[in-house]
file upload.cif (mmCIF, C-alpha atoms and all ligand atoms)
data_input
loop_
_atom_site.label_atom_id
_atom_site.label_comp_id
_atom_site.auth_asym_id
_atom_site.auth_seq_id
_atom_site.Cartn_x
_atom_site.Cartn_y
_atom_site.Cartn_z
CA MET P 1 34.05 -207.21 -85.92
CA SER P 2 30.95 -205.41 -87.03
CA LEU P 3 28.23 -206.70 -89.21
CA CYS P 4 26.90 -204.55 -91.93
CA PHE P 5 23.33 -204.85 -93.03
CA LEU P 6 22.58 -203.68 -96.47
CA ALA P 7 19.07 -202.40 -96.86
CA VAL P 8 17.77 -202.94 -100.33
CA THR P 9 14.97 -200.64 -101.33
CA VAL P 10 12.80 -201.67 -104.21
CA PHE P 11 11.35 -198.63 -105.89
CA THR P 12 7.94 -199.07 -107.40
CA LEU P 13 5.61 -196.38 -108.57
CA GLN P 14 2.65 -196.79 -106.25
CA ILE P 15 -0.67 -195.17 -107.09
CA ALA P 16 -2.58 -194.42 -103.87
CA ASP P 17 -5.95 -196.03 -103.10
CA ASP P 18 -7.66 -192.63 -103.02
CA TRP P 19 -6.17 -191.34 -106.30
CA PRO P 20 -9.23 -190.24 -108.36
CA GLY P 21 -7.32 -189.58 -111.58
CA TYR P 22 -7.17 -186.31 -113.54
CA LYS P 23 -10.26 -184.56 -114.89
CA LEU P 24 -11.00 -185.59 -118.46
CA GLU P 25 -11.12 -181.97 -119.72
CA LEU P 26 -7.40 -181.59 -119.02
CA PHE P 27 -6.50 -184.10 -121.73
CA THR P 28 -7.38 -185.07 -125.28
CA TYR P 29 -9.22 -188.35 -125.80
CA PRO P 30 -11.62 -189.88 -128.35
CA GLU P 31 -14.89 -187.96 -128.16
CA HIS P 32 -16.97 -191.17 -128.34
CA TYR P 33 -15.76 -192.15 -124.86
CA ARG P 34 -16.78 -188.89 -123.16
CA GLU P 35 -19.49 -190.50 -120.98
CA ASP P 36 -17.76 -193.85 -120.69
CA VAL P 37 -14.70 -192.97 -118.65
CA GLU P 38 -14.55 -191.35 -115.24
CA SER P 39 -11.06 -189.84 -115.30
CA VAL P 40 -7.57 -190.08 -116.76
CA TYR P 41 -5.88 -192.39 -114.29
CA ILE P 42 -2.39 -192.49 -115.87
CA PRO P 43 -1.76 -190.07 -118.75
CA HIS P 44 -0.11 -191.45 -121.89
CA GLY P 45 3.03 -189.34 -121.45
CA VAL P 46 3.60 -190.71 -117.96
CA ILE P 47 3.15 -194.28 -119.21
CA MET P 48 5.74 -193.68 -121.93
CA ASN P 49 8.33 -192.22 -119.60
CA ARG P 50 7.90 -195.05 -117.14
CA ILE P 51 8.35 -197.58 -119.98
CA GLU P 52 11.55 -195.81 -121.03
CA CYS P 53 12.85 -196.37 -117.48
CA LEU P 54 11.88 -200.05 -117.61
CA ALA P 55 13.81 -200.40 -120.89
CA ARG P 56 16.89 -198.95 -119.20
CA ASP P 57 16.56 -201.33 -116.21
CA ILE P 58 16.04 -204.36 -118.46
CA LEU P 59 19.12 -203.56 -120.55
CA GLU P 60 21.25 -203.03 -117.46
CA ASP P 61 20.08 -206.30 -115.93
CA MET P 62 19.87 -208.69 -118.78
CA GLY P 63 23.26 -207.73 -120.05
CA HIS P 64 23.58 -206.61 -123.59
CA GLU P 65 22.54 -210.01 -124.94
CA ASN P 66 19.99 -210.80 -127.59
CA LEU P 67 16.44 -210.86 -126.29
CA MET P 68 13.52 -213.11 -127.08
CA VAL P 69 10.38 -211.17 -126.28
CA LEU P 70 7.08 -212.92 -125.63
CA CYS P 71 4.17 -210.50 -125.78
CA VAL P 72 0.93 -211.47 -124.08
CA LEU P 73 -1.97 -210.33 -126.26
CA LYS P 74 -4.18 -208.55 -126.61
CA GLY P 75 -3.71 -206.13 -123.72
CA GLY P 76 0.08 -206.19 -123.94
CA TYR P 77 0.44 -205.09 -127.53
CA LYS P 78 1.06 -201.39 -126.88
CA PHE P 79 3.27 -201.98 -123.87
CA CYS P 80 5.30 -204.46 -125.88
CA ALA P 81 5.65 -202.25 -128.95
CA ASP P 82 6.71 -199.20 -126.92
CA LEU P 83 9.05 -201.13 -124.60
CA VAL P 84 10.80 -202.86 -127.49
CA ASP P 85 11.16 -199.50 -129.28
CA TYR P 86 12.86 -198.00 -126.21
CA ILE P 87 15.07 -201.08 -125.75
CA LYS P 88 16.16 -200.86 -129.40
CA ALA P 89 16.81 -197.11 -129.21
CA GLN P 90 18.87 -197.38 -126.01
CA SER P 91 20.72 -200.44 -127.23
CA ARG P 92 21.61 -198.77 -130.54
CA SER P 93 23.58 -196.13 -128.72
CA SER P 94 25.50 -198.71 -126.65
CA VAL P 95 28.79 -200.45 -127.46
CA ARG P 96 27.12 -203.77 -128.32
CA PRO P 97 23.64 -203.34 -129.81
CA ILE P 98 21.39 -206.38 -129.32
CA THR P 99 18.84 -208.06 -131.53
CA THR P 100 15.26 -208.52 -130.34
CA ARG P 101 12.97 -211.24 -131.67
CA MET P 102 9.28 -211.35 -130.91
CA GLU P 103 6.64 -213.98 -130.38
CA PHE P 104 3.01 -213.56 -129.38
CA ILE P 105 0.69 -215.54 -127.19
CA ARG P 106 -2.92 -214.85 -126.36
CA LEU P 107 -4.61 -215.33 -122.99
CA ARG P 108 -8.29 -214.95 -122.31
CA SER P 109 -9.95 -215.05 -118.90
CA TYR P 110 -12.03 -211.90 -118.45
CA LEU P 111 -15.77 -211.40 -119.02
CA ASN P 112 -17.03 -207.85 -118.40
CA ASP P 113 -14.81 -206.66 -115.51
CA ARG P 114 -14.51 -210.07 -113.81
CA SER P 115 -11.83 -212.71 -114.01
CA THR P 116 -13.20 -216.18 -114.83
CA GLU P 117 -11.73 -219.56 -113.93
CA ASP P 118 -11.63 -220.44 -117.57
CA LEU P 119 -8.17 -219.38 -118.70
CA GLN P 120 -7.26 -220.11 -122.27
CA ILE P 121 -3.81 -219.94 -123.82
CA ILE P 122 -4.16 -219.37 -127.52
CA GLY P 123 -0.90 -219.17 -129.39
CA PRO P 124 1.84 -220.85 -131.32
CA GLU P 125 2.51 -224.46 -130.26
CA ASP P 126 6.20 -224.04 -130.82
CA LEU P 127 7.89 -221.44 -128.64
CA SER P 128 11.38 -222.91 -129.05
CA MET P 129 12.69 -219.46 -129.97
CA LEU P 130 12.48 -218.73 -126.23
CA LYS P 131 15.52 -220.93 -125.57
CA GLY P 132 17.75 -217.89 -125.11
CA LYS P 133 17.07 -215.06 -122.71
CA ALA P 134 13.34 -214.60 -122.64
CA LEU P 135 11.44 -211.53 -121.59
CA THR P 136 7.71 -212.03 -121.07
CA LEU P 137 5.60 -208.91 -121.33
CA LYS P 138 2.17 -208.62 -119.77
CA ALA P 139 0.14 -205.43 -119.46
CA ILE P 140 -1.61 -206.28 -116.22
CA VAL P 141 -1.02 -208.59 -113.28
CA ASP P 142 -3.81 -208.93 -110.73
CA THR P 143 -4.40 -212.26 -109.02
CA GLY P 144 -1.10 -213.64 -110.33
CA LYS P 145 -2.88 -216.88 -111.37
CA THR P 146 -2.49 -216.14 -115.03
CA MET P 147 1.15 -215.23 -114.67
CA LYS P 148 1.93 -218.43 -112.78
CA MET P 149 0.31 -220.53 -115.48
CA LEU P 150 2.03 -218.56 -118.20
CA LEU P 151 5.46 -219.03 -116.60
CA GLN P 152 4.88 -222.78 -116.31
CA HIS P 153 4.00 -222.81 -119.99
CA VAL P 154 7.13 -220.82 -120.91
CA GLN P 155 9.38 -223.11 -118.82
CA ASN P 156 8.38 -226.04 -121.08
CA PHE P 157 10.51 -224.46 -123.78
CA GLN P 158 13.62 -224.37 -121.55
CA PRO P 159 14.66 -220.74 -121.76
CA LYS P 160 18.13 -219.90 -120.42
CA ARG P 161 16.63 -217.16 -118.27
CA VAL P 162 13.09 -215.76 -117.98
CA LYS P 163 12.18 -212.32 -116.77
CA VAL P 164 8.71 -210.84 -116.65
CA ALA P 165 7.73 -207.22 -117.11
CA GLY P 166 4.25 -206.02 -116.13
CA LEU P 167 3.04 -202.51 -116.84
CA LEU P 168 0.41 -202.55 -114.08
CA VAL P 169 0.29 -204.67 -110.94
CA LYS P 170 -2.86 -204.51 -108.83
CA ARG P 171 -2.59 -204.33 -105.05
CA ILE P 172 -4.76 -207.25 -104.00
CA PRO P 173 -4.00 -208.14 -100.35
CA SER P 174 -5.54 -211.62 -100.44
CA SER P 175 -3.63 -212.83 -103.46
CA ALA P 176 -0.20 -214.41 -103.31
CA THR P 177 0.92 -212.45 -106.30
CA ILE P 178 4.24 -213.32 -107.82
CA LEU P 179 5.58 -209.91 -108.69
CA PRO P 180 7.00 -209.38 -112.15
CA ASP P 181 10.72 -208.56 -112.25
CA TYR P 182 9.96 -205.18 -113.80
CA VAL P 183 6.86 -203.24 -112.77
CA GLY P 184 5.55 -200.05 -114.34
CA PHE P 185 2.93 -199.01 -111.76
CA VAL P 186 1.36 -200.61 -108.71
CA ILE P 187 -2.31 -199.62 -108.69
CA PRO P 188 -5.34 -200.21 -106.44
CA ASN P 189 -7.69 -203.04 -107.34
CA ARG P 190 -9.81 -201.03 -109.76
CA PHE P 191 -10.82 -201.76 -113.32
CA VAL P 192 -8.89 -199.63 -115.78
CA VAL P 193 -9.07 -199.33 -119.55
CA GLY P 194 -7.04 -197.83 -122.37
CA TYR P 195 -3.50 -198.20 -123.67
CA ALA P 196 -4.70 -201.54 -125.19
CA LEU P 197 -6.53 -202.66 -122.05
CA ASP P 198 -10.14 -203.43 -122.84
CA TYR P 199 -13.59 -203.87 -121.39
CA ASN P 200 -15.24 -206.44 -123.68
CA GLU P 201 -12.94 -205.31 -126.53
CA TYR P 202 -13.76 -201.58 -126.17
CA PHE P 203 -11.34 -198.82 -125.09
CA ARG P 204 -8.19 -200.33 -126.63
CA ASP P 205 -8.06 -197.21 -128.85
CA LEU P 206 -7.68 -194.89 -125.84
CA ASN P 207 -4.09 -193.69 -125.29
CA HIS P 208 -4.35 -192.92 -121.58
CA ILE P 209 -5.12 -195.45 -118.90
CA CYS P 210 -8.54 -194.39 -117.58
CA LEU P 211 -11.12 -195.37 -115.00
CA ILE P 212 -14.23 -196.73 -116.66
CA SER P 213 -17.53 -195.10 -115.64
CA GLU P 214 -20.73 -196.92 -114.66
CA THR P 215 -22.26 -195.65 -117.92
CA GLY P 216 -19.37 -197.21 -119.83
CA LYS P 217 -19.74 -200.53 -118.01
CA LEU P 218 -23.46 -200.67 -118.81
CA LYS P 219 -23.07 -199.55 -122.40
CA TYR P 220 -20.52 -202.23 -123.33
CA LYS P 221 -21.72 -205.03 -121.05
CA LEU P 222 -22.18 -208.46 -122.67
N1 LIG P 301 -8.61 -203.70 -117.15
C1 LIG P 301 -8.60 -204.42 -118.30
N2 LIG P 301 -8.29 -205.72 -118.33
C2 LIG P 301 -7.96 -206.32 -117.16
C3 LIG P 301 -7.96 -205.61 -115.94
C4 LIG P 301 -8.30 -204.24 -115.93
O1 LIG P 301 -8.32 -203.53 -114.89
N3 LIG P 301 -7.58 -206.49 -114.98
C5 LIG P 301 -7.36 -207.68 -115.63
N4 LIG P 301 -7.60 -207.60 -116.92
MG MG P 302 -9.27 -208.06 -121.66
#
call {"tool": "encode", "arguments": {"input": "upload.cif", "output": "structure tokens"}}
result
Amino acid sequence: MSLCFLAVTVFTLQIADDWPGYKLELFTYPEHYREDVESVYIPHGVIMNRIECLARDILEDMGHENLMVLCVLKGGYKFCADLVDYIKAQSRSSVRPITTRMEFIRLRSYLNDRSTEDLQIIGPEDLSMLKGKALTLKAIVDTGKTMKMLLQHVQNFQPKRVKVAGLLVKRIPSSATILPDYVGFVIPNRFVVGYALDYNEYFRDLNHICLISETGKLKYKL
């Protein structure tokens, strides 16, 4: 009798440590950020296509059942809007289209480009709509601390099943990161802005994900 070992490969889109990003001149971007960003780290079109793939994976996995989506603000608002749009579009062309309902929660823990110990959950007290199949959407996962606390919070509302999607996961060797179930990109531990990710509330209006420059950090420092 022979034993068969099944190797399971998890595909993630890894961005290498030495990836400098694309030169700014190759893309369009708001002129007022010209000195404030170093390079285009992930162009908007690439983000969108990756999110379309995540929508496909989520629909395949979660079965074509109605989804309760919990969006983590503020950084997750674009990711959430685009992912839900793709889920709806793909579901519409399936045999059993699903309904998606949304709720929003706000987390705050960053000052300048540093995470602080002071994590605040600001949001609706009643998340009982999560009782069905819940999908939690977060734009960025770095130390995993925030995600752990968020999941504990969500569990209080007894969802049938919880899955987490993160657009960006940072490679931080020292952290015991709980990986989201769906990951857009795994990136080095660098501070990025754009596509709703901010530095002290600036750069949310940038479509690409970019590397912030030293000039940008100084200009918008609190
Ligand atoms: N950019 C913006 N917000 C963040 C980041 C980042 O790289 N990491 C955690 N919050
Ligand atoms: Mg922020």
call {"tool": "closest_atom_pairs", "arguments": {"input": "upload.cif", "of": "chain P", "to": "ligand MG 302 (chain P)", "cutoff": "12 Å", "atoms": "all atoms listed in the file", "output": "Markdown table"}}
result
| residue | atom | partner | partner_atom | distance |
| --- | --- | --- | --- | --- |
| P:Val72 | CA | P:MG302 | MG | 11.0 |
| P:Leu73 | CA | P:MG302 | MG | 8.9 |
| P:Lys74 | CA | P:MG302 | MG | 7.1 |
| P:Gly75 | CA | P:MG302 | MG | 6.2 |
| P:Gly76 | CA | P:MG302 | MG | 9.8 |
| P:Tyr77 | CA | P:MG302 | MG | 11.7 |
| P:Arg106 | CA | P:MG302 | MG | 10.4 |
| P:Leu107 | CA | P:MG302 | MG | 8.7 |
| P:Arg108 | CA | P:MG302 | MG | 7.0 |
| P:Ser109 | CA | P:MG302 | MG | 7.5 |
| P:Tyr110 | CA | P:MG302 | MG | 5.7 |
| P:Leu111 | CA | P:MG302 | MG | 7.8 |
| P:Asn112 | CA | P:MG302 | MG | 8.4 |
| P:Asp113 | CA | P:MG302 | MG | 8.4 |
| P:Arg114 | CA | P:MG302 | MG | 9.6 |
| P:Ser115 | CA | P:MG302 | MG | 9.3 |
| P:Thr116 | CA | P:MG302 | MG | 11.3 |
| P:Leu119 | CA | P:MG302 | MG | 11.8 |
| P:Lys138 | CA | P:MG302 | MG | 11.6 |
| P:Ala139 | CA | P:MG302 | MG | 10.0 |
| P:Ile140 | CA | P:MG302 | MG | 9.6 |
| P:Val141 | CA | P:MG302 | MG | 11.8 |
| P:Phe191 | CA | P:MG302 | MG | 10.6 |
| P:Val192 | CA | P:MG302 | MG | 10.3 |
| P:Val193 | CA | P:MG302 | MG | 9.0 |
| P:Gly194 | CA | P:MG302 | MG | 10.5 |
| P:Tyr195 | CA | P:MG302 | MG | 11.6 |
| P:Ala196 | CA | P:MG302 | MG | 8.7 |
| P:Leu197 | CA | P:MG302 | MG | 6.1 |
| P:Asp198 | CA | P:MG302 | MG | 4.9 |
| P:Tyr199 | CA | P:MG302 | MG | 6.0 |
| P:Asn200 | CA | P:MG302 | MG | 6.5 |
| P:Glu201 | CA | P:MG302 | MG | 6.7 |
| P:Tyr202 | CA | P:MG302 | MG | 9.1 |
| P:Phe203 | CA | P:MG302 | MG | 10.1 |
| P:Arg204 | CA | P:MG302 | MG | 9.3 |
call {"tool": "residues_around", "arguments": {"input": "upload.cif", "residues": "stretch 153-170 of chain P", "least_positions_apart": "4", "cutoff": "8 Å", "atoms": "all atoms listed in the file", "output": "JSON, numbers by chain"}}
result
{"P": [51, 79, 127, 128, 130, 131, 132, 133, 134, 135, 136, 137, 138, 139, 140, 141, 142, 143, 149, 179, 180, 181, 182, 183, 184, 185, 186, 187, 188, 189, 190]}
call {"tool": "atom_distance", "arguments": {"input": "upload.cif", "atom1": "atom CA of P:Val69", "atom2": "atom CA of P:Asn207"}}
result
22.7 Å
call {"tool": "atom_distance", "arguments": {"input": "upload.cif", "atom1": "atom CA of P:Ile98", "atom2": "atom CA of P:Gly123"}}
result
25.7 Å
call {"tool": "closest_residue", "arguments": {"input": "upload.cif", "among": "P:Asp17, P:Glu214, P:Glu65, P:Asp82", "to": "P:Asn49", "atoms": "only C-alpha atoms"}}
result
P:Asp82
call {"tool": "atom_distance", "arguments": {"input": "upload.cif", "atom1": "atom N2 of ligand LIG 301 (chain P)", "atom2": "atom CA of P:Pro43"}}
result
17.0 Å
call {"tool": "closest_residue", "arguments": {"input": "upload.cif", "among": "P:Gly216, P:Pro20, P:Pro97, P:Gly63", "to": "P:Ile42", "atoms": "all atoms listed in the file"}}
result
P:Pro20
call {"tool": "closest_residue", "arguments": {"input": "upload.cif", "among": "P:Arg101, P:His44, P:Leu206, P:Leu218", "to": "P:Pro30", "atoms": "all atoms listed in the file"}}
result
P:Leu206
call {"tool": "closest_residue", "arguments": {"input": "upload.cif", "among": "P:Tyr86, P:Tyr22, P:Tyr41, P:Phe27", "to": "ligand LIG 301 (chain P)", "atoms": "all atoms listed in the file"}}
result
P:Tyr41
call {"tool": "closest_residue", "arguments": {"input": "upload.cif", "among": "P:Gln120, P:Asn66, P:Thr146, P:Ser91", "to": "ligand LIG 301 (chain P)", "atoms": "all atoms listed in the file"}}
result
P:Thr146
call {"tool": "closest_residue", "arguments": {"input": "upload.cif", "among": "P:Ala55, P:Lys219, P:Ile209, P:Lys148", "to": "ligand LIG 301 (chain P)", "atoms": "all atoms listed in the file"}}
result
P:Ile209
